[in-house]
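Participant: Pasting a structure here, questions to come.
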Amino acid sequence: MKRITLIAALLVGTLVACNDDFLETSPSASISDDKVFQNIEGAKAVIDGVTRDWREYHSYHDQFGVKSVDLVSDLMGEDIVVGRLHWFQYDYTIDNREATYRRTNFVWSLFYRGIRNLNEVIKHVDEATNATDLEKGHVKAQALTMRAYSYFRLIQHFQQTYVGNENKPGVPLYTEPINEGKPRATVQDVYQQIVNDLDDAISLFTASNISRRDISEVDLSVAHGIRARVALVMNDWPAAAQHAASARSGYSLNTIAQYESGFDNASQMVWMWGLPVNEEQSTIFASFFSHLDMTIGGYAGLGYSPKYLCQTLYNQMQPGDIRRDDLLQATTTGGVPVYINYKFAAAGDKEFAADYVMMRPEEMLLIEAEARARMGGADEAIAQGLLEELWKVRFNTPPTVTETGQALIDRILVERRIELWGEGFAFYDLMRLKKGLNRTNHRFPAIPGNTIAPEADVFIYKIPQSEIDNNPFIEEADQNP
C-alpha cells in the first residue's frame with residue numbers, strides 16, 4: 001500500500017490533484033508538516049483545500065469536481081435530452097460503470113481524497129493552541145459535515161439505495177487517517193456513520209454559534225440540509241421533515257426575478273451553500289456551465305453536446321409556471337421535440353466564471369413537503385401549504401393545491417424534477433424511489449426497449465480496479481455484479 005504525503009500546497013488551500021499517485025484511492029495520507037495543526041488556520045487551510053478540489057478541473061473536460069458528478073446524476077435520469085453525444089456520452093447512455101473506467105475512478109478518488117484529509121482535521125484540530133474549544137469545535141463540525149457528504153455521494157453510486165439493501169456491501173469506512181485499506185462496510189453501517197457525523201456536526205455547530213467566512217463553507221444549515229437528504233433516502237420521514245425545516249430556517253425562497261437571473265451568481269440569489277468561482281478560478285470549457293448552459297460558447301452552447309429539457313417533463317408542467325412559460329424554448333433534435341432551458345444562463349453576467357449552486361431553500365421545502373405528505377394525517381395539510389408557498393414564487397397567479405394522498409406525493413415529486421432540474425438530483429431520486437428509467441422521448445436512449453428496470457445492476461458503479469489491486473481487504477469476489 002502506497003503511503004501518500006499531504007503536500008504543502010494543500011495546506012495553503014491549493015490541491016494538486018492531477019498526479020496519479022496523489023489520486024491513489026485507498027486512504028493513506030500523512031501530514032508532512034507536523035506543525036500544521038498547531039494553529040487553527042492550518043486546519044482551516046486543509047478544509048479550504050478540499051473545497052477547492054471539489055470545484056476544480058481534473059485532467060479531463062468531464063471532471064470538474066462535484067458539479068461534474070451532479071451533471072452525471074442528471075444525465076443518468078429522464079429529464080435531460082442530449083442532442084449530440086460528446087463528453088458525458090457514456091454517463092448519458094448508462095454505460096460508464098466498469099472498474100477501469102475514468103468515471104468510476106474519478107468519483108471514488110474525488111471523495112476519498114477529501115475523506116482522507118478531513119480525517120486529519122477531525123483527529124488533529126484539537127491540537128491547535130491559538131483557538132478556543134468552540135472555535136475548534138466549529139472547524140471539526142465542518143470536517144464532519146463534509147465527510148458525511150462524501151460518504152453519502154459514494155454510497156449512492158457504488159450500491160443500490162438504502163431501503164431493502166441495508167445488508168449489501170457498501171464502501172470502505174475510514175474515520176481516522178490510517179495507511180491501511182479496509183473491507184467494504186455494509187450499506188447500513190455507511191449510512192449510520194453518515195448520520196452520526198451529521199448529528200455530531202449539528203451539535204458542534206449549535207454550541208459554537210460561529211458564522212462562516214463564505215458561502216462555500218458548510219454551516220449548521222448545510223449540515224441540517226444534508227441530514228434531511230439522507231433521511232429522505234432512508235425513508236425516515238419525521239427526521240427528513242424536521243431537518244429540512246431547520247435547514248431553511250431564516251432563508252427566504254428565491255423570487256421569480258431571482259430564479260430567472262441565470263443561476264450563475266451567488267450574490268444575486270438565495271443559496272444555502274455554493275461554490276463561488278472567479279475569473280482566475282474559471283475552468284472555461286471544463287466547467288458545469290460549459291456543458292449545460294446554452295447561452296455561452298461552451299460544449300452545450302456551441303452545439304457540440306446541447307442539453308435540453310425532455311418533452312415528458314414539459315407535459316407535466318402547468319400553464320402559468322414561469323419555469324415553463326419564461327425559461328423554455330421549444331425546438332427539436334433528431335426529430336424529437338425538446339425544450340431549450342434557460343435556467344442556467346451565465347451570458348452577460350459571470351460567463352465561464354459562473355458560481356456553482358450546492359443547496360437551496362427550495363430543495364429543503366420540497367423535502368419537508370414530501371416527508372409530510374408521506375406521513376399523512378394532519379401533516380398532509382402542511383405539505384399542501386408548503387407546495388403553495390413554492391408556487392407563490394413560481395406563478396404570477398399561483399394555483400391552489402387540491403391533490404391529496406398519493407396524488408399529492410406524485411405532484412411534489414414532479415415539482416422536484418421541475419424546480420431542481422439540472423442541479424444533480426435526477427438519478428438519485430430514481431434510485432431511492434426504485435422507479436427504473438424510461439427514455440421514450442430521448443434521441444439517444446441507447447437502452448433496449450427505452451427502459452431499465454428498478455435496481456438494475458447497470459445503475460451502480462463497480463469498485464475501481466486500482467482499489468482492488470491495492471486494498472488487500474477487497475478482492476475480485478467482492479466486486480459489484
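By convention in this document, the chains of the C-alpha cells carry letters A, B, ... by their order, each chain's residues are numbered from 1, and ligands are numbered from 1 in the order they are shown.
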Hey, which bits of segment 95-186 of chain A sit within 8 Å of segment 59-73 of chain A, and for each residue what's the closest pair of atoms and how far apart in Å (one decimal), counting only C-alpha atoms, rows by chain and increasing number, as a Markdown table?
Facilitator:
```
| residue | atom | partner | partner_atom | distance |
| --- | --- | --- | --- | --- |
| A:Phe106 | CA | A:Gln63 | CA | 7.5 |
| A:Val107 | CA | A:Val69 | CA | 7.2 |
| A:Leu110 | CA | A:Gly65 | CA | 7.4 |
```
Participant: With only C-alpha atoms counted and 8 Å as the cut-off, give the residues of segment 76-170 of chain A in contact with segment 189-196 of chain A, each with its shortest interatomic distance in Å and the pair that gives it, as CSV.
Facilitator:
```
residue,atom,partner,partner_atom,distance
A:Arg147,CA,A:Ile194,CA,7.9
A:Ala148,CA,A:Ile194,CA,4.7
A:Tyr149,CA,A:Ile194,CA,7.6
A:Tyr151,CA,A:Ile194,CA,6.8
A:Phe152,CA,A:Ile194,CA,6.9
A:Ile155,CA,A:Val190,CA,7.5
A:Tyr162,CA,A:Tyr191,CA,8.0
A:Gly170,CA,A:Val190,CA,6.9
```
Participant: Save the residues we just selected, N, CA, C and O atoms, as a compact mmCIF listing (two decimals), in the first residue's frame?
Facilitator:
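Generated output (out_16.txt):
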```txt
# COMPACT_ATOMS: atom_id res chain seq x y z
N ARG A 147 -17.25 15.17 5.48
CA ARG A 147 -17.00 13.73 5.40
C ARG A 147 -18.32 12.98 5.19
O ARG A 147 -18.39 12.05 4.36
N ALA A 148 -19.36 13.38 5.90
CA ALA A 148 -20.67 12.75 5.72
C ALA A 148 -21.16 12.93 4.29
O ALA A 148 -21.69 12.00 3.66
N TYR A 149 -21.00 14.14 3.77
CA TYR A 149 -21.40 14.43 2.38
C TYR A 149 -20.66 13.52 1.42
O TYR A 149 -21.25 12.98 0.47
N TYR A 151 -19.26 10.50 1.96
CA TYR A 151 -19.73 9.11 2.03
C TYR A 151 -21.13 8.97 1.43
O TYR A 151 -21.45 7.93 0.82
N PHE A 152 -21.95 9.98 1.58
CA PHE A 152 -23.30 9.94 1.01
C PHE A 152 -23.24 9.89 -0.51
O PHE A 152 -23.99 9.15 -1.14
N ILE A 155 -21.81 6.22 -1.51
CA ILE A 155 -22.69 5.08 -1.32
C ILE A 155 -23.84 5.08 -2.32
O ILE A 155 -24.36 4.02 -2.70
N TYR A 162 -30.74 2.70 -0.08
CA TYR A 162 -30.69 2.19 1.29
C TYR A 162 -31.77 1.14 1.58
O TYR A 162 -31.46 0.03 2.03
N GLY A 170 -21.26 -1.98 0.97
CA GLY A 170 -21.24 -0.59 0.53
C GLY A 170 -19.84 -0.17 0.12
O GLY A 170 -19.28 -0.70 -0.84
```
Participant: Report as a PyMOL selection string all protein, DNA and RNA residues lying within 6 Å of segment 117-129 of chain A, evaluated on only C-alpha atoms, omitting residues in the same chain fewer than 3 positions from it.
Facilitator: chain A and resi 37-40+43+114+140+143+176-177
Participant: Keeping only all heavy atoms, write those residues as an mmCIF file, in the first residue's frame.
Facilitator:
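Printed below is selection.cif as written:
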```
data_model
loop_
_atom_site.group_PDB
_atom_site.id
_atom_site.type_symbol
_atom_site.label_atom_id
_atom_site.label_comp_id
_atom_site.auth_asym_id
_atom_site.auth_seq_id
_atom_site.Cartn_x
_atom_site.Cartn_y
_atom_site.Cartn_z
ATOM 1 N N PHE A 37 -1.186 21.673 12.414
ATOM 2 C CA PHE A 37 -2.373 21.801 13.247
ATOM 3 C C PHE A 37 -2.103 22.486 14.583
ATOM 4 O O PHE A 37 -2.960 22.469 15.464
ATOM 5 C CB PHE A 37 -2.996 20.422 13.484
ATOM 6 C CG PHE A 37 -3.612 19.826 12.248
ATOM 7 C CD1 PHE A 37 -3.061 18.696 11.661
ATOM 8 C CD2 PHE A 37 -4.729 20.405 11.652
ATOM 9 C CE1 PHE A 37 -3.614 18.151 10.518
ATOM 10 C CE2 PHE A 37 -5.288 19.865 10.509
ATOM 11 C CZ PHE A 37 -4.729 18.738 9.935
ATOM 12 N N GLN A 38 -0.935 23.086 14.719
ATOM 13 C CA GLN A 38 -0.662 23.813 15.951
ATOM 14 C C GLN A 38 -1.455 25.112 16.027
ATOM 15 O O GLN A 38 -1.617 25.681 17.101
ATOM 16 C CB GLN A 38 0.836 24.094 16.098
ATOM 17 C CG GLN A 38 1.648 22.848 16.414
ATOM 18 C CD GLN A 38 3.102 23.160 16.689
ATOM 19 O OE1 GLN A 38 3.503 24.328 16.696
ATOM 20 N NE2 GLN A 38 3.902 22.132 16.925
ATOM 21 N N ASN A 39 -1.941 25.587 14.862
ATOM 22 C CA ASN A 39 -2.836 26.743 14.871
ATOM 23 C C ASN A 39 -4.065 26.423 14.035
ATOM 24 O O ASN A 39 -4.023 25.574 13.139
ATOM 25 C CB ASN A 39 -2.135 28.012 14.383
ATOM 26 C CG ASN A 39 -1.655 27.877 12.950
ATOM 27 O OD1 ASN A 39 -2.456 27.870 12.025
ATOM 28 N ND2 ASN A 39 -0.339 27.767 12.766
ATOM 29 N N ILE A 40 -5.135 27.089 14.347
ATOM 30 C CA ILE A 40 -6.430 26.784 13.729
ATOM 31 C C ILE A 40 -6.431 27.088 12.234
ATOM 32 O O ILE A 40 -7.173 26.477 11.465
ATOM 33 C CB ILE A 40 -7.561 27.557 14.454
ATOM 34 C CG1 ILE A 40 -8.927 26.918 14.154
ATOM 35 C CG2 ILE A 40 -7.547 29.034 14.075
ATOM 36 C CD1 ILE A 40 -9.128 25.585 14.816
ATOM 37 N N ALA A 43 -5.762 23.970 10.083
ATOM 38 C CA ALA A 43 -6.930 23.112 9.892
ATOM 39 C C ALA A 43 -7.896 23.715 8.873
ATOM 40 O O ALA A 43 -8.446 23.004 8.022
ATOM 41 C CB ALA A 43 -7.629 22.888 11.224
ATOM 42 N N GLY A 114 -10.871 13.623 -0.362
ATOM 43 C CA GLY A 114 -11.377 14.560 0.636
ATOM 44 C C GLY A 114 -11.497 13.920 2.001
ATOM 45 O O GLY A 114 -11.110 14.512 3.017
ATOM 46 N N LYS A 140 -14.180 21.394 13.406
ATOM 47 C CA LYS A 140 -14.442 19.955 13.391
ATOM 48 C C LYS A 140 -15.827 19.668 12.811
ATOM 49 O O LYS A 140 -16.015 18.690 12.068
ATOM 50 C CB LYS A 140 -14.328 19.372 14.798
ATOM 51 C CG LYS A 140 -14.507 17.858 14.845
ATOM 52 C CD LYS A 140 -14.387 17.311 16.263
ATOM 53 C CE LYS A 140 -12.956 17.370 16.754
ATOM 54 N NZ LYS A 140 -12.793 16.677 18.071
ATOM 55 N N ALA A 143 -15.606 19.684 9.084
ATOM 56 C CA ALA A 143 -14.982 18.474 8.559
ATOM 57 C C ALA A 143 -15.924 17.276 8.645
ATOM 58 O O ALA A 143 -15.988 16.455 7.719
ATOM 59 C CB ALA A 143 -13.689 18.198 9.319
ATOM 60 N N GLU A 176 -10.475 7.547 10.603
ATOM 61 C CA GLU A 176 -9.200 8.055 11.085
ATOM 62 C C GLU A 176 -8.205 8.030 9.930
ATOM 63 O O GLU A 176 -8.350 7.240 8.995
ATOM 64 C CB GLU A 176 -8.669 7.207 12.245
ATOM 65 C CG GLU A 176 -9.499 7.329 13.517
ATOM 66 C CD GLU A 176 -8.831 6.634 14.690
ATOM 67 O OE1 GLU A 176 -7.726 6.079 14.505
ATOM 68 O OE2 GLU A 176 -9.423 6.660 15.784
ATOM 69 N N PRO A 177 -7.182 8.873 9.982
ATOM 70 C CA PRO A 177 -6.184 8.904 8.900
ATOM 71 C C PRO A 177 -5.192 7.759 9.021
ATOM 72 O O PRO A 177 -4.101 7.908 9.573
ATOM 73 C CB PRO A 177 -5.506 10.258 9.090
ATOM 74 C CG PRO A 177 -5.653 10.559 10.547
ATOM 75 C CD PRO A 177 -6.966 9.970 10.957
#
```
Participant: Considering only C-alpha atoms, state which residue in the set A:Ile367, A:Ser305, A:Asp379, A:Phe395 is at the smallest distance from Ile412 of chain A.
Facilitator: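 With only C-alpha atoms as the atom set, the closest residue is A:Ile367.
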Participant: Pick out the residues sitting within 10 Å of Leu408 of chain A, and hand them over as a ChimeraX atom specification; count only C-alpha atoms, and ignore anything fewer than 5 positions along from it in its own chain.
Facilitator: /A:369-370,373-374,380,383-384,387,401-403,413-414
Participant: Quick check for you: according to DSSP on this backbone, which residues of segment 124-355 of chain A are classed as helix (DSSP H, G or I)? Reply as a PyMOL selection string.
Facilitator: chain A and resi 124-127+133-158+187-208+220-233+237-247+256-259+266-268+288-292+311-314+322-325+351-353
Participant: Any idea what's packed within 7 Å of Leu198 of chain A, counting only C-alpha atoms, ignoring anything in its chain fewer than 6 positions away? Could you give it as a count of residues only?
Facilitator: 5
Participant: Would you please work out which residue, of A:Gln318, A:Leu313, A:Arg213, A:Leu365, is nearest to Ser249 of chain A when using only C-alpha atoms?
Facilitator: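 Ranked by minimum distance to Ser249 of chain A, first place goes to A:Leu365.
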Participant: Please report the interatomic distance between atom CA of Leu327 of chain A and atom CA of Leu309 of chain A in Å with one decimal.
Facilitator: 10.6 Å
Participant: If you count only C-alpha atoms, which residues fall within 7 Å of Trp271 of chain A, apart from same-chain ones fewer than 4 positions away, as a list of chain:residue names?
Facilitator: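 Listed by chain and then number, they are A:Ala266, A:Val357, A:Met359, A:Arg360, A:Pro361.
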Participant: Could you work out how far atom CA of His291 of chain A lies from atom CA of Thr332 of chain A, giving the answer in Å with one decimal?
Facilitator: 18.6 Å
Participant: From a DSSP calculation on the backbone, collect every residue of segment 70-288 of chain A in strand (DSSP E) and output the set as a short mmCIF file (atom, residue, chain, number, x, y, z; two decimals) with C-alpha atoms, in the first residue's frame.
Facilitator:
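Result file follows (out-v6.cif):
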```cif
data_model
loop_
_atom_site.label_atom_id
_atom_site.label_comp_id
_atom_site.auth_asym_id
_atom_site.auth_seq_id
_atom_site.Cartn_x
_atom_site.Cartn_y
_atom_site.Cartn_z
CA ILE A 80 -32.32 15.95 -19.82
CA VAL A 81 -32.14 15.06 -23.51
CA VAL A 82 -28.69 15.21 -25.09
CA TRP A 273 -24.36 26.59 0.05
CA GLY A 274 -22.47 27.42 -3.11
CA LEU A 275 -19.01 27.31 -4.63
#
```
Participant: Determine the nearest neighbour of Gln156 of chain A from the options A:Ala244, A:Ile47, A:Pro481, A:Trp108, counting only C-alpha atoms.
Facilitator: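 Nearest candidate to Gln156 of chain A out of A:Ala244, A:Ile47, A:Pro481, A:Trp108: A:Trp108.
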Participant: Could you state the separation of atom CA of His442 of chain A and atom CA of Ile340 of chain A in Å, given to one decimal place?
Facilitator: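 So the answer is 14.1 Å.
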Participant: Excluding Tyr308 of chain A and residues on its chain fewer than 3 positions from it, collect all residues at most 12 Å away from it, counting only C-alpha atoms, and give them as a PyMOL selection string.
Facilitator: chain A and resi 74-75+78-84+291-294+300-301+303+305+311-314+327-333+336-344+421-422+441-443
